[in-house]
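Contents: one structure, followed by commentary.
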Amino acid sequence: MSTTTLFLLTIGLGIASYAYGRSRAYSVAKRHGGVRALHSLPSHYGMMVALWCALPALAIIISWKIIEPSLISNMLDSAIPQAIHDGGVEAVKLYKNDIGNLVDSEKIASIDNAEKKLAAERLTNLRSTSALALFVLALTVAIAGAALALRKIKPETRARHKVERVVKFFLISCASLAILTTIGIVFSVLFEATRFFQEVGFLEFVTGTKWSPQTAIRADQVGASGSFGAVPLFLGTLLISFIAMLVAVPFGLMSAIYLAEYASRPVRNIAKPLLEILAGIPTVVYGFFAALTVAPALRSVGESIGLSVSSESALAAGAVMGIMIIPFVSSLSDDVITAVPQSMRDGSYGLGATKSETVRKVVIPAALPGIVGGVLLAVSRAIGETMIVVMAAGLAANMTANPLEAVTTVTVQIVTLLTGDQEFDSAKTLAAFALGLMLFVVTLFLNIIALHVVRKYREQYE
Amino acid sequence: MPSSAQEAFDKLTHTVGTPTVDNAKMQTRNVNVFYGEKQAIYDVDLDIGQNEVIAMIGPSGCGKSTFLRCLNRMNDTIPSCRVTGQMSLDGEDLYGADLDPVLLRARVGMVFQKPNPFAKSIYDNVAYGPRIHGLAGNRAELDDIVVDSLRKAGLYDEVKDRLDAPGTSLSGGQQQRLCIARTIAVSPEVILMDEPCSALDPIATARIEELIDELRENFAIAIVTHSMQQAARVSQRCAYFHLGKLVEVDDTSTVFTNPQHELTENYITGRFG
């Protein structure tokens with residue numbers, strides 16, 4: 001009896017007990033003079049029976065499956081030869097794995113070692129006993145639960161309250177799952193970053209100007225001891241984000257103003273979705289657009305006017321990233337501009353202001369906090385963007401403010417540090433976590449500020 | 001509507017009372033307004049005199065606000081709206097080809113139902129109009145206009161210490177007086193008020209009504225109101241609209257004590273509306 005079958009069986013039992021509980025509730029209601037005599041609807045009673053039946057049984061199956069492996073592994077100890085036990089914990093582990101694999105591939109018969117065969121048979125035995133025990137236990141609990149709940153189908157039982165409490169608990173656990181995962185990620189990054197800072201000083205990391213993460217993997221290798229100054233990476237990130245915002249803010253804002261204030265309804269209905277399609281293009285497509293089209297074009301233009309442009313430049317990556325962010329800025333700005341009350345525009349027209357005066361001097365100032373919030377969200381998006389810069393910005397950690405040179409960003413370095421063959425506890429790999437942590441802190445602050453600004457703006461008009 | 005009143009309305013072909021005055025500031029003749037296919041105003045003739053307050057009353061949907069919004073062409077912002085007939089300000093055709101609606105709105109100011117201060121400081125709210133029309137040559141002149149307008153709107157003493165505070169931080173009544181100050185600041189010739197007190201409490205309302213009476217010295221004022229008491233208190237002439245027709249216009253005292261038309265009488269005495 002596989003676990004999947006048991007799982008499906010339990011759920012089937014739950015569905016059946018719903019139907020049975022519901023019809024039972026109807027017959028109880030009949031005895032007491034109609035459905036109105038019951039505290040809750042018959043379907044609530046059915047749901048109550050179903051939950052009482054399936055929930056405890058499912059909980060038992062899940063926790064059993066969590067505990068089972070270590071329990072069986074402990075019980076297997078006695079079947080393992082003393083010689084292996086003398087070899088230490090690792091040897092025992094290896095031996096158990098070996099047996100486990102043999103059992104899984106059903107090759108017990110072909111085992112020539114008698115001791116091993118004995119252990120394998122013991123494991124098979126333990127597993128089938130465990131499965132049987134689980135089967136009996138789960139079904140007993142399911143049926144007992146259903147029976148208990150069926151006895152509770154009385155007019156005075158508040159079935160709806162019970163069911164809704166379970167539903168509420170279910171919703172809470174879904175909501176907390178997302179939060180707990182985030183917290184888990186933060187802590188794992190924090191933990192690994194701490195290990196990195198034990199090897200490389202925090203001050204060296206945040207103030208050092210040389211980034212060269214190549215460390216010797218084996219003791220006999222020559223060369224690079226690695227230097228981890230993150231300043232060039234953050235400067236590169238800032239430079240590219242700055243270029244991206246130079247492109248995205250004016251274009252995004254102007255298109256938002258056009259769409260919100262000037263465009264006729266048919267134009268708006270076509271243009272707005274078209275603009276938002278830009279946001280649906282995968283970033284990797286933008287990436288090769290930047291690397292294969294924009295960068296060479298910039299290079300040839302630069303050469304024709306006597307500038308030396310490197311084939312991977314901050315300008316190409318930043319400009320394409322800016323194009324990618326335009327719909328982000330324009331959509332958010334469009335929302336806040338549209339949210340400015342019509343009465344404010346009327347007030348301005350009523351004083352003899354023209355349309356452009358009204359837009360420039362009344363509507364935009366009123367929407368400004370919201371626009372700023374949207375731009376800050378876009379900045380944190382630009383800082384975290386990876387694919388375009390991996391493909392178009394290069395890997396050289398140059399400290400430069402010249403947009404025509406190749407630079408590298410925090411995200412690019414995280415990618416290069418973690419791809420390929422790595423030793424997981426080397427400073428080189430751990431540096432990725434430190435960079436990730438810094439990036440996380442920066443974008444977190446930007447988001448907090450942005451959300452705060454946006455919320456403040458909303459309060460003003462609601 | 002009682003059936004006899006319905007008959008009276010159907011028979012109504014021209015306005016009862018005296019729609020014209022001798023010293024007219026604005027004149028309207030045969031005005032019809034349409035929203036798409038639907039007609040909202042039927043053949044209205046009405047004058048707005050110099051230095052008078054004319055109140056427009058009537059049940060909801062009777063077209064009084066629509067008519068008011070034609071007087072400074074605010075209805076231009078509604079694409080489906082179409083106006084026919086003659087309207088003039090000092091004899092100048094409002095819908096003439098050579099008239100710029102933007103300039104018209106500087107001469108015919110408007111105060112709205114809900115106070116709608118801009119998201120700017122009190123000072124900048126009032127200075128907005130003079131700035132866009134270039135009325136002040138320098139900062140000192142602008143200061144004078146702002147202070148003078150706030151004084152005329154009866155708001156100056158309450159806000160003189162916090163002209164930099166946002167206009168939205170004021171109370172509802174103060175916001176509405178700020179909007180009136182903002183309108184006065186561009187020195188219009190006519191002020192249109194569209195239910196200026198409907199969002200205000202009785203004390204703030206009384207304050208605005210006093211203000212309207214003082215403003216009459218310098219401006220012609222047309223006010224739309226739902227409150228008959230308010231119409232009786234602030235206006236010299238009163239126009240009663242019903243389903244898009246101008247039923248009766250006369251001196252306010254006549255309309256309220258001795259209405260000529262059955263519909264007006266029904267409305268005044270509270271039989272409907």
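Chain labels follow the order of the structure tokens: the first chain is A, the next B, and so on; residue numbering restarts at 1 in every chain, and ligands are counted from 1 in their shown order.
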Discussion item. Excluding range 99-102 of chain B and its own-chain neighbours fewer than 2 positions away, which residues fall within 8 Å of it when counting only C-alpha atoms? Please give them as a PyMOL selection string.
Written reply: (chain A and resi 349+352-354) or (chain B and resi 72-73+93-97+104-106)
Each chain A residue no farther than 10 Å from chain B, nearest pair in Å, only C-alpha atoms, as a tab-separated table:
residue	atom	partner	partner_atom	distance
A:Val340	CA	B:Ala119	CA	9.8
A:Pro341	CA	B:Asn116	CA	8.7
A:Gln342	CA	B:Asn116	CA	9.4
A:Ser343	CA	B:Asn116	CA	6.0
A:Met344	CA	B:Asn116	CA	5.5
A:Arg345	CA	B:Phe118	CA	8.8
A:Asp346	CA	B:Met74	CA	7.9
A:Gly347	CA	B:Asn116	CA	6.5
A:Ser348	CA	B:Gly129	CA	8.2
A:Tyr349	CA	B:Arg105	CA	7.2
A:Gly350	CA	B:Met110	CA	5.3
A:Leu351	CA	B:Ala106	CA	5.3
A:Gly352	CA	B:Ala106	CA	4.3
A:Ala353	CA	B:Val102	CA	6.2
A:Thr354	CA	B:Val102	CA	6.1
A:Lys355	CA	B:Val102	CA	9.1
A:Glu357	CA	B:Ile132	CA	7.6
A:Thr358	CA	B:Ile132	CA	9.8
A:Lys361	CA	B:Tyr128	CA	8.5
A:Val362	CA	B:Phe118	CA	6.4
A:Val363	CA	B:Phe118	CA	8.6
A:Ile364	CA	B:Ala119	CA	9.8
A:Pro365	CA	B:Ala119	CA	7.0
A:Ala366	CA	B:Ala119	CA	5.2
A:Ala367	CA	B:Ala119	CA	8.8
A:Leu368	CA	B:Ala119	CA	9.9
A:Gln460	CA	B:Thr168	CA	8.4
A:Tyr461	CA	B:Thr168	CA	9.6
Residue subset to file, keeping C-alpha atoms, as a compact mmCIF listing (two decimals), in the first residue's frame:
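As written to disk, result04.txt reads:
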# COMPACT_ATOMS: atom_id res chain seq x y z
CA VAL A 340 -5.99 62.91 -8.98
CA PRO A 341 -9.60 64.02 -8.54
CA GLN A 342 -11.34 65.54 -11.55
CA SER A 343 -12.59 68.34 -9.27
CA MET A 344 -9.00 69.58 -8.96
CA ARG A 345 -8.68 69.82 -12.74
CA ASP A 346 -12.07 71.59 -12.90
CA GLY A 347 -10.85 74.06 -10.29
CA SER A 348 -7.87 74.89 -12.46
CA TYR A 349 -9.90 75.18 -15.68
CA GLY A 350 -12.40 77.35 -13.79
CA LEU A 351 -9.62 79.85 -13.14
CA GLY A 352 -8.83 80.13 -16.83
CA ALA A 353 -5.87 77.73 -16.90
CA THR A 354 -5.05 75.90 -20.12
CA LYS A 355 -4.76 72.15 -20.28
CA GLU A 357 -0.91 74.60 -17.28
CA THR A 358 -3.35 72.38 -15.45
CA LYS A 361 1.03 72.98 -12.24
CA VAL A 362 -1.86 71.12 -10.64
CA VAL A 363 -2.05 67.49 -11.69
CA ILE A 364 1.64 66.55 -11.65
CA PRO A 365 2.40 68.28 -8.32
CA ALA A 366 -0.60 66.53 -6.80
CA ALA A 367 0.54 63.18 -8.16
CA LEU A 368 4.23 63.74 -7.44
CA GLN A 460 -4.39 62.44 1.09
CA TYR A 461 -7.35 61.73 -1.17
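For range 81-275 of chain A, the set of residues given strand (DSSP E or B) by DSSP on the backbone reads A:Trp211, A:Ser212, A:Ser227, A:Phe228.
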Next, write the just-selected residues to a file, as a PDB file, in the first residue's frame, keeping C-alpha atoms as the atom set.
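The result, written out as part_4.pdb:
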ATOM      1  CA  TRP A 211      37.431  42.968  -6.671  1.00  0.00           C
ATOM      2  CA  SER A 212      39.185  39.794  -7.744  1.00  0.00           C
ATOM      3  CA  SER A 227      40.513  40.338  -2.813  1.00  0.00           C
ATOM      4  CA  PHE A 228      36.956  41.205  -1.952  1.00  0.00           C
TER       5      PHE A 228
END
Discussion item. Among range 47-112 of chain B, which residues does DSSP mark as alpha helix (DSSP H) when it is run on the backbone? Keep the chain and numbering as in the structure and answer as number ranges by chain.
Written reply: B: 64-70, 101-107
Practice prompt. Point out the residue among A:Pro266, A:Gly374, A:Leu233, A:Gly14 with the least atom-to-atom distance to Pro213 in chain A, counting only C-alpha atoms.
Written response: A:Leu233
Discussion item. If we count only C-alpha atoms and set the cut-off at 7 Å, which residues sit around Val224 in chain B, ignoring sequence neighbours fewer than 3 positions away in its own chain? Please answer as a ChimeraX atom specification.
Written reply: /B:55-57,64-65,193-195
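Residues in contact with range 49-53 of chain B at 6 Å, where only C-alpha atoms are counted and same-chain residues fewer than 5 positions away are skipped, are listed as B:Asn23, B:Ala24, B:Lys25, B:Arg216, B:Glu217, B:Phe219, B:Ala220, B:Ile221, B:Ala222, B:Ser235, B:Gln236.
Across A:Ile371, A:Ala271, A:Val189, A:Ile305, the tightest approach to Ala432 in chain A is made by A:Val189 when counting only C-alpha atoms.
Note that CA of Arg160 in chain A and CA of His44 in chain A are 5.4 Å apart.
Here CA of Ala40 in chain B stands at a distance of 24.4 Å from CA of Arg265 in chain A.
One finds CA of Cys62 in chain B at 13.6 Å from CA of Tyr35 in chain B.
Around Tyr267 in chain B, within 10 Å and counting only C-alpha atoms, the residues found are Ile57, Gly58, Pro59, Met228, Tyr240, His242, Pro259, Glu262, Leu263, Arg271, Phe272 and Gly273 of chain B, once anything fewer than 4 positions away on its own chain is removed.
Nearest residue to Leu163 in chain B among B:Ser227, B:Ser121, B:Thr66, B:Thr257 is B:Ser121, counting only C-alpha atoms.
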Discussion item. Calculated over only C-alpha atoms, which of the candidates A:Val336, A:Val410, A:Ile153, A:Leu123 has the smallest distance to Ala29 in chain A?
Written reply: A:Ile153
What's the 10 Å shell around Ala319 in chain A, counting only C-alpha atoms, without same-chain residues fewer than 3 positions away, as a JSON list (two decimals) with N, CA and C atoms, in the first residue's frame?
[["chain", "number", "residue", "atom", "x", "y", "z"],
["A", 240, "ILE", "N", 24.81, 51.71, -13.82],
["A", 240, "ILE", "CA", 23.85, 51.15, -14.77],
["A", 240, "ILE", "C", 22.41, 51.51, -14.37],
["A", 241, "SER", "N", 22.12, 51.46, -13.06],
["A", 241, "SER", "CA", 20.77, 51.83, -12.63],
["A", 241, "SER", "C", 20.48, 53.29, -12.97],
["A", 242, "PHE", "N", 21.51, 54.13, -12.79],
["A", 242, "PHE", "CA", 21.35, 55.55, -13.07],
["A", 242, "PHE", "C", 21.02, 55.76, -14.55],
["A", 243, "ILE", "N", 21.79, 55.10, -15.42],
["A", 243, "ILE", "CA", 21.53, 55.22, -16.86],
["A", 243, "ILE", "C", 20.11, 54.72, -17.17],
["A", 244, "ALA", "N", 19.76, 53.59, -16.53],
["A", 244, "ALA", "CA", 18.43, 53.02, -16.78],
["A", 244, "ALA", "C", 17.35, 54.01, -16.38],
["A", 245, "MET", "N", 17.53, 54.68, -15.23],
["A", 245, "MET", "CA", 16.50, 55.62, -14.78],
["A", 245, "MET", "C", 16.48, 56.86, -15.68],
["A", 246, "LEU", "N", 17.66, 57.25, -16.20],
["A", 246, "LEU", "CA", 17.70, 58.38, -17.13],
["A", 246, "LEU", "C", 16.83, 58.09, -18.35],
["A", 247, "VAL", "N", 16.77, 56.83, -18.75],
["A", 247, "VAL", "CA", 15.94, 56.46, -19.89],
["A", 247, "VAL", "C", 14.48, 56.29, -19.44],
["A", 248, "ALA", "N", 14.30, 55.55, -18.35],
["A", 248, "ALA", "CA", 12.95, 55.12, -17.99],
["A", 248, "ALA", "C", 12.08, 56.25, -17.44],
["A", 290, "ALA", "N", 20.34, 43.69, -26.04],
["A", 290, "ALA", "CA", 21.37, 44.62, -25.61],
["A", 290, "ALA", "C", 22.74, 44.19, -26.11],
["A", 294, "VAL", "N", 22.21, 46.50, -29.53],
["A", 294, "VAL", "CA", 22.49, 47.84, -29.03],
["A", 294, "VAL", "C", 23.98, 48.08, -28.86],
["A", 295, "ALA", "N", 24.66, 47.13, -28.21],
["A", 295, "ALA", "CA", 26.09, 47.34, -27.94],
["A", 295, "ALA", "C", 26.91, 47.53, -29.22],
["A", 314, "ALA", "N", 28.46, 49.86, -20.10],
["A", 314, "ALA", "CA", 27.41, 50.20, -19.14],
["A", 314, "ALA", "C", 26.25, 50.88, -19.84],
["A", 315, "LEU", "N", 26.59, 51.65, -20.88],
["A", 315, "LEU", "CA", 25.55, 52.41, -21.58],
["A", 315, "LEU", "C", 24.55, 51.47, -22.26],
["A", 316, "ALA", "N", 25.06, 50.45, -22.95],
["A", 316, "ALA", "CA", 24.16, 49.54, -23.64],
["A", 316, "ALA", "C", 23.25, 48.83, -22.64],
["A", 322, "GLY", "N", 16.65, 50.43, -19.08],
["A", 322, "GLY", "CA", 15.71, 51.55, -18.98],
["A", 322, "GLY", "C", 14.47, 51.29, -19.81],
["A", 323, "ILE", "N", 14.65, 50.79, -21.02],
["A", 323, "ILE", "CA", 13.50, 50.47, -21.87],
["A", 323, "ILE", "C", 12.62, 49.43, -21.21],
["A", 324, "MET", "N", 13.28, 48.47, -20.56],
["A", 324, "MET", "CA", 12.52, 47.42, -19.90],
["A", 324, "MET", "C", 11.65, 48.00, -18.76],
["A", 325, "ILE", "N", 12.17, 49.04, -18.10],
["A", 325, "ILE", "CA", 11.48, 49.58, -16.93],
["A", 325, "ILE", "C", 10.41, 50.61, -17.30]]
